[in-house]
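Colleague: Starting off with a structure, shown below.
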Amino acid sequence: MSAEQSGAERAAQNILEAEHLLDQRQPAAAESLLREALGLEPDSAVALSKLGRALNNLGRLEDAEHALRRSVELEPQRAAAWFSLGHVLRALGRLPDATGAAERAVSLGLGGDSRAVRLLASIRMMSGDPDAAADLLQSARASHPDDVALAVDLADALRATDRFDEAAAAYHDALLRDPGNPDALAGLGTVHHARLELDDAATSFRQALARVPKHPVAETGLAWVLELIGDYQAALD
């Protein structure tokens, strides 16, 4: 076995181990392995893509962008790198650039799941176009009818356009597939709140908080509801 082959194999092993560490939410350890892999294989688009993901998780967004741009420069068809780049650019507030990266990830398929579509829809929402986000997510549901996260994102977009009946139906659909989903419960609470169905809103918010005690939407929503029904001390608490 040549030294070159040995180095390539070590780099590949590091990349596999780093991916496992990323899935275990250990980005610092993953970064170390990926840096070593890139020392062996400097033009590895795979290692650069995963390094960008690790750096993003560590909050080092500019470094993450640099690694991801190099990855897609080396391998323009790498959907995962475009997806991660879209995430980074969204976090940096560069929404037009984020849109382009997310659209590229969508066009490349990203393994046939809904993550790229959901990312693009979230950028549309941040850009102030919830109608476009809702249309995008609604179209994606035909291919992903059992995707709970997609159903919740669709419901959020519909709620943002004041299409409350459709939003409630989408939240209920998510809850049929994942009973107790805290995001769906909190979102349903906001729909009830908008309709002034205060008892139902309080119930939904409390159910979400039972799952995630500090859920930001449910916690704030319950305080609003308690204030509206005159339970000011409970709202302050």
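Chain identifiers are assigned as A, B, and so on, following the order in which chains appear in the structure tokens; residues are numbered from 1 within each chain, and ligands are numbered from 1 in order of appearance.
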Counting only C-alpha atoms, what is within 6 Å of A:Ala102, bar same-chain residues fewer than 3 positions away, as a list in words?

Modeller: Phe83, Gly86, Thr99, Ala105 and Leu120 of chain A

Colleague: Write the residues of the selection above to a file with N, CA and C atoms, as an mmCIF file, in the first residue's frame.

Modeller:
data_model
loop_
_atom_site.group_PDB
_atom_site.id
_atom_site.type_symbol
_atom_site.label_atom_id
_atom_site.label_comp_id
_atom_site.auth_asym_id
_atom_site.auth_seq_id
_atom_site.Cartn_x
_atom_site.Cartn_y
_atom_site.Cartn_z
ATOM 1 N N PHE A 83 -26.834 23.401 0.655
ATOM 2 C CA PHE A 83 -27.812 23.503 1.737
ATOM 3 C C PHE A 83 -27.184 24.164 2.974
ATOM 4 N N GLY A 86 -26.592 27.799 2.387
ATOM 5 C CA GLY A 86 -27.825 28.569 2.547
ATOM 6 C C GLY A 86 -28.126 28.867 3.998
ATOM 7 N N THR A 99 -30.943 32.748 -0.625
ATOM 8 C CA THR A 99 -31.966 32.250 -1.547
ATOM 9 C C THR A 99 -31.324 31.467 -2.691
ATOM 10 N N ALA A 105 -29.709 23.971 -3.791
ATOM 11 C CA ALA A 105 -29.896 22.718 -3.049
ATOM 12 C C ALA A 105 -31.206 22.047 -3.441
ATOM 13 N N LEU A 120 -35.528 27.037 2.023
ATOM 14 C CA LEU A 120 -35.897 28.089 1.073
ATOM 15 C C LEU A 120 -37.165 28.800 1.527
#

Colleague: Applying 8 Å and only C-alpha atoms, which residues near A:Leu108 remain after dropping the ones on its own chain fewer than 4 positions away? List them as a VMD selection string.

Modeller: chain A and resid 77 to 79 104

Colleague: Using N, CA, C and O atoms, can you write the selected residues to a file as a compact mmCIF listing (two decimals), in the first residue's frame?

Modeller:
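The new file result.txt reads:
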# COMPACT_ATOMS: atom_id res chain seq x y z
N GLN A 77 -22.04 20.10 -7.81
CA GLN A 77 -23.26 19.31 -7.67
C GLN A 77 -23.48 18.80 -6.25
O GLN A 77 -24.38 17.99 -6.02
N ARG A 78 -22.67 19.26 -5.30
CA ARG A 78 -22.78 18.76 -3.92
C ARG A 78 -23.94 19.49 -3.22
O ARG A 78 -23.80 20.58 -2.67
N ALA A 79 -25.12 18.87 -3.20
CA ALA A 79 -26.33 19.49 -2.66
C ALA A 79 -26.19 19.82 -1.18
O ALA A 79 -26.65 20.87 -0.72
N ARG A 104 -30.36 26.29 -5.21
CA ARG A 104 -29.46 25.30 -5.82
C ARG A 104 -29.61 23.95 -5.12
O ARG A 104 -29.64 22.91 -5.77

Colleague: Could you check how far atom CA of A:Leu40 sits from atom CA of A:Leu58, in Å to one decimal?

Modeller: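 Taking atom CA of A:Leu40 as the start and atom CA of A:Leu58 as the end point, the length is 23.2 Å.
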
Colleague: Excluding same-chain residues fewer than 2 positions from A:Ala168, what lies within 9 Å of it counting only C-alpha atoms, as a PyMOL selection string?

Modeller: chain A and resi 155+158-159+163-166+170-173+187-188+191-192

Colleague: Produce a file of the selected residues containing N, CA and C atoms, as a PDB file, in the first residue's frame.

Modeller:
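And here is the file that came out, part-v2.pdb:
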ATOM      1  N   ALA A 155     -48.035  25.186   8.053  1.00  0.00           N
ATOM      2  CA  ALA A 155     -49.028  25.809   8.925  1.00  0.00           C
ATOM      3  C   ALA A 155     -48.556  27.178   9.400  1.00  0.00           C
ATOM      4  N   LEU A 158     -48.999  29.592   6.515  1.00  0.00           N
ATOM      5  CA  LEU A 158     -50.416  29.898   6.315  1.00  0.00           C
ATOM      6  C   LEU A 158     -50.928  30.838   7.403  1.00  0.00           C
ATOM      7  N   ARG A 159     -50.501  30.608   8.633  1.00  0.00           N
ATOM      8  CA  ARG A 159     -50.904  31.486   9.738  1.00  0.00           C
ATOM      9  C   ARG A 159     -50.393  32.912   9.514  1.00  0.00           C
ATOM     10  N   ARG A 163     -54.461  32.826   6.984  1.00  0.00           N
ATOM     11  CA  ARG A 163     -55.313  31.737   6.481  1.00  0.00           C
ATOM     12  C   ARG A 163     -55.461  30.726   7.625  1.00  0.00           C
ATOM     13  N   PHE A 164     -56.247  31.138   8.617  1.00  0.00           N
ATOM     14  CA  PHE A 164     -56.266  30.417   9.886  1.00  0.00           C
ATOM     15  C   PHE A 164     -56.888  29.029   9.783  1.00  0.00           C
ATOM     16  N   ASP A 165     -57.931  28.882   8.971  1.00  0.00           N
ATOM     17  CA  ASP A 165     -58.559  27.562   8.840  1.00  0.00           C
ATOM     18  C   ASP A 165     -57.573  26.561   8.228  1.00  0.00           C
ATOM     19  N   GLU A 166     -56.877  27.004   7.176  1.00  0.00           N
ATOM     20  CA  GLU A 166     -55.905  26.112   6.540  1.00  0.00           C
ATOM     21  C   GLU A 166     -54.730  25.825   7.481  1.00  0.00           C
ATOM     22  N   ALA A 170     -53.474  22.155   8.938  1.00  0.00           N
ATOM     23  CA  ALA A 170     -52.111  21.660   8.786  1.00  0.00           C
ATOM     24  C   ALA A 170     -51.497  21.298  10.137  1.00  0.00           C
ATOM     25  N   TYR A 171     -51.771  22.112  11.169  1.00  0.00           N
ATOM     26  CA  TYR A 171     -51.278  21.767  12.509  1.00  0.00           C
ATOM     27  C   TYR A 171     -51.906  20.447  12.987  1.00  0.00           C
ATOM     28  N   HIS A 172     -53.205  20.301  12.776  1.00  0.00           N
ATOM     29  CA  HIS A 172     -53.866  19.059  13.186  1.00  0.00           C
ATOM     30  C   HIS A 172     -53.303  17.864  12.417  1.00  0.00           C
ATOM     31  N   ASP A 173     -52.992  18.059  11.148  1.00  0.00           N
ATOM     32  CA  ASP A 173     -52.408  16.988  10.355  1.00  0.00           C
ATOM     33  C   ASP A 173     -51.051  16.572  10.932  1.00  0.00           C
ATOM     34  N   GLY A 187     -48.143  26.348  17.661  1.00  0.00           N
ATOM     35  CA  GLY A 187     -48.714  27.031  16.510  1.00  0.00           C
ATOM     36  C   GLY A 187     -50.230  27.007  16.523  1.00  0.00           C
ATOM     37  N   LEU A 188     -50.793  25.857  16.903  1.00  0.00           N
ATOM     38  CA  LEU A 188     -52.253  25.766  16.999  1.00  0.00           C
ATOM     39  C   LEU A 188     -52.770  26.731  18.069  1.00  0.00           C
ATOM     40  N   VAL A 191     -53.193  30.085  16.584  1.00  0.00           N
ATOM     41  CA  VAL A 191     -54.403  30.178  15.759  1.00  0.00           C
ATOM     42  C   VAL A 191     -55.626  30.393  16.652  1.00  0.00           C
ATOM     43  N   HIS A 192     -55.733  29.606  17.717  1.00  0.00           N
ATOM     44  CA  HIS A 192     -56.848  29.792  18.652  1.00  0.00           C
ATOM     45  C   HIS A 192     -56.824  31.211  19.236  1.00  0.00           C
TER      46      HIS A 192
END

Colleague: For A:Pro182, list every protein, DNA or RNA residue within 7 Å, evaluated using only C-alpha atoms, and leave out those in the same chain fewer than 2 positions away; present the list as JSON, numbers by chain.

Modeller: {"A": [180, 184, 185, 186, 208, 211, 212]}

Colleague: One decimal, in Å: what's the spacing between atom CA of A:Leu226 and atom CA of A:Ala169?

Modeller: 24.9 Å

Colleague: Near A:Leu222, counting only C-alpha atoms, which residues have an atom at most 8 Å away, once you skip same-chain residues fewer than 2 positions from it, shown as a list of chain:residue names?

Modeller: A:Ala201, A:Ala202, A:Phe205, A:Arg206, A:Ala218, A:Glu219, A:Thr220, A:Trp224, A:Val225, A:Leu226, A:Ala235

Colleague: Mind pulling up the distance from atom CA of A:Pro130 to atom CA of A:Leu61?

Modeller: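 Distance reported for this atom pair: 26.0 Å.
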
Colleague: Identify, on the basis of only C-alpha atoms, every residue whose closest approach to A:Asp147 does not exceed 10 Å; exclude the query and any residue fewer than 4 positions from it along the same chain; express the result as a PDB file with all heavy atoms, in the first residue's frame.

Modeller:
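And here is the file that came out, selection_21.pdb:
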ATOM      1  N   ASP A 113     -35.332  14.565   0.331  1.00  0.00           N
ATOM      2  CA  ASP A 113     -36.113  14.953   1.510  1.00  0.00           C
ATOM      3  C   ASP A 113     -36.525  16.418   1.402  1.00  0.00           C
ATOM      4  O   ASP A 113     -36.270  17.077   0.392  1.00  0.00           O
ATOM      5  CB  ASP A 113     -35.356  14.654   2.810  1.00  0.00           C
ATOM      6  CG  ASP A 113     -34.095  15.486   2.972  1.00  0.00           C
ATOM      7  OD1 ASP A 113     -34.038  16.604   2.432  1.00  0.00           O
ATOM      8  OD2 ASP A 113     -33.170  15.022   3.661  1.00  0.00           O
ATOM      9  N   SER A 114     -37.163  16.929   2.445  1.00  0.00           N
ATOM     10  CA  SER A 114     -37.767  18.264   2.368  1.00  0.00           C
ATOM     11  C   SER A 114     -36.895  19.368   2.944  1.00  0.00           C
ATOM     12  O   SER A 114     -37.306  20.518   2.963  1.00  0.00           O
ATOM     13  CB  SER A 114     -39.108  18.261   3.115  1.00  0.00           C
ATOM     14  OG  SER A 114     -38.903  18.179   4.524  1.00  0.00           O
ATOM     15  N   ALA A 140     -44.628  21.044  -2.022  1.00  0.00           N
ATOM     16  CA  ALA A 140     -43.750  19.973  -1.553  1.00  0.00           C
ATOM     17  C   ALA A 140     -44.516  18.878  -0.823  1.00  0.00           C
ATOM     18  O   ALA A 140     -44.059  17.727  -0.761  1.00  0.00           O
ATOM     19  CB  ALA A 140     -42.671  20.545  -0.640  1.00  0.00           C
ATOM     20  N   ARG A 141     -45.674  19.199  -0.294  1.00  0.00           N
ATOM     21  CA  ARG A 141     -46.418  18.204   0.492  1.00  0.00           C
ATOM     22  C   ARG A 141     -46.867  17.013  -0.338  1.00  0.00           C
ATOM     23  O   ARG A 141     -47.038  15.909   0.185  1.00  0.00           O
ATOM     24  CB  ARG A 141     -47.638  18.848   1.159  1.00  0.00           C
ATOM     25  CG  ARG A 141     -47.270  19.802   2.279  1.00  0.00           C
ATOM     26  CD  ARG A 141     -48.323  19.843   3.355  1.00  0.00           C
ATOM     27  NE  ARG A 141     -48.388  18.602   4.109  1.00  0.00           N
ATOM     28  CZ  ARG A 141     -49.425  18.241   4.837  1.00  0.00           C
ATOM     29  NH1 ARG A 141     -50.512  19.009   4.890  1.00  0.00           N
ATOM     30  NH2 ARG A 141     -49.424  17.110   5.503  1.00  0.00           N
ATOM     31  N   SER A 143     -45.155  15.400  -2.375  1.00  0.00           N
ATOM     32  CA  SER A 143     -44.068  14.424  -2.363  1.00  0.00           C
ATOM     33  C   SER A 143     -43.715  13.945  -0.965  1.00  0.00           C
ATOM     34  O   SER A 143     -43.046  12.916  -0.815  1.00  0.00           O
ATOM     35  CB  SER A 143     -42.816  15.026  -3.018  1.00  0.00           C
ATOM     36  OG  SER A 143     -43.077  15.434  -4.335  1.00  0.00           O
ATOM     37  N   ALA A 151     -45.234  19.879   7.469  1.00  0.00           N
ATOM     38  CA  ALA A 151     -46.603  20.280   7.786  1.00  0.00           C
ATOM     39  C   ALA A 151     -46.625  21.450   8.764  1.00  0.00           C
ATOM     40  O   ALA A 151     -47.425  22.390   8.623  1.00  0.00           O
ATOM     41  CB  ALA A 151     -47.375  19.098   8.370  1.00  0.00           C
ATOM     42  N   VAL A 152     -45.733  21.428   9.760  1.00  0.00           N
ATOM     43  CA  VAL A 152     -45.679  22.522  10.727  1.00  0.00           C
ATOM     44  C   VAL A 152     -45.211  23.804  10.052  1.00  0.00           C
ATOM     45  O   VAL A 152     -45.780  24.886  10.279  1.00  0.00           O
ATOM     46  CB  VAL A 152     -44.753  22.159  11.907  1.00  0.00           C
ATOM     47  CG1 VAL A 152     -44.557  23.368  12.827  1.00  0.00           C
ATOM     48  CG2 VAL A 152     -45.338  20.997  12.704  1.00  0.00           C
ATOM     49  N   ASP A 173     -52.992  18.059  11.148  1.00  0.00           N
ATOM     50  CA  ASP A 173     -52.408  16.988  10.355  1.00  0.00           C
ATOM     51  C   ASP A 173     -51.051  16.572  10.932  1.00  0.00           C
ATOM     52  O   ASP A 173     -50.741  15.375  11.032  1.00  0.00           O
ATOM     53  CB  ASP A 173     -52.251  17.448   8.906  1.00  0.00           C
ATOM     54  CG  ASP A 173     -51.766  16.337   7.997  1.00  0.00           C
ATOM     55  OD1 ASP A 173     -52.391  15.268   7.990  1.00  0.00           O
ATOM     56  OD2 ASP A 173     -50.756  16.528   7.307  1.00  0.00           O
ATOM     57  N   ALA A 174     -50.259  17.563  11.340  1.00  0.00           N
ATOM     58  CA  ALA A 174     -48.967  17.253  11.967  1.00  0.00           C
ATOM     59  C   ALA A 174     -49.171  16.482  13.265  1.00  0.00           C
ATOM     60  O   ALA A 174     -48.439  15.529  13.560  1.00  0.00           O
ATOM     61  CB  ALA A 174     -48.192  18.545  12.225  1.00  0.00           C
ATOM     62  N   ARG A 177     -49.913  12.804  12.943  1.00  0.00           N
ATOM     63  CA  ARG A 177     -48.724  12.005  12.653  1.00  0.00           C
ATOM     64  C   ARG A 177     -47.741  11.983  13.810  1.00  0.00           C
ATOM     65  O   ARG A 177     -46.966  11.040  13.959  1.00  0.00           O
ATOM     66  CB  ARG A 177     -48.047  12.542  11.384  1.00  0.00           C
ATOM     67  CG  ARG A 177     -48.841  12.249  10.124  1.00  0.00           C
ATOM     68  CD  ARG A 177     -48.378  13.053   8.927  1.00  0.00           C
ATOM     69  NE  ARG A 177     -48.954  12.543   7.690  1.00  0.00           N
ATOM     70  CZ  ARG A 177     -50.215  12.711   7.320  1.00  0.00           C
ATOM     71  NH1 ARG A 177     -51.043  13.373   8.122  1.00  0.00           N
ATOM     72  NH2 ARG A 177     -50.674  12.213   6.178  1.00  0.00           N
ATOM     73  N   ASP A 178     -47.742  13.030  14.619  1.00  0.00           N
ATOM     74  CA  ASP A 178     -46.818  13.130  15.754  1.00  0.00           C
ATOM     75  C   ASP A 178     -47.554  13.761  16.935  1.00  0.00           C
ATOM     76  O   ASP A 178     -47.379  14.949  17.226  1.00  0.00           O
ATOM     77  CB  ASP A 178     -45.594  13.957  15.363  1.00  0.00           C
ATOM     78  CG  ASP A 178     -44.580  14.078  16.497  1.00  0.00           C
ATOM     79  OD1 ASP A 178     -44.661  13.282  17.455  1.00  0.00           O
ATOM     80  OD2 ASP A 178     -43.705  14.970  16.420  1.00  0.00           O
TER      81      ASP A 178
END

Colleague: If you take only C-alpha atoms and a cut-off of 9 Å, which residues of stretch 137-196 of chain A touch stretch 121-124 of chain A, and what are their nearest atom pairs and distances in Å to one decimal, in chain and number order, as CSV?

Modeller:
residue,atom,partner,partner_atom,distance
A:Leu137,CA,A:Ala121,CA,6.9
A:Asp153,CA,A:Ser122,CA,8.2
A:Leu154,CA,A:Ala121,CA,8.9
A:Ala157,CA,A:Ala121,CA,8.5
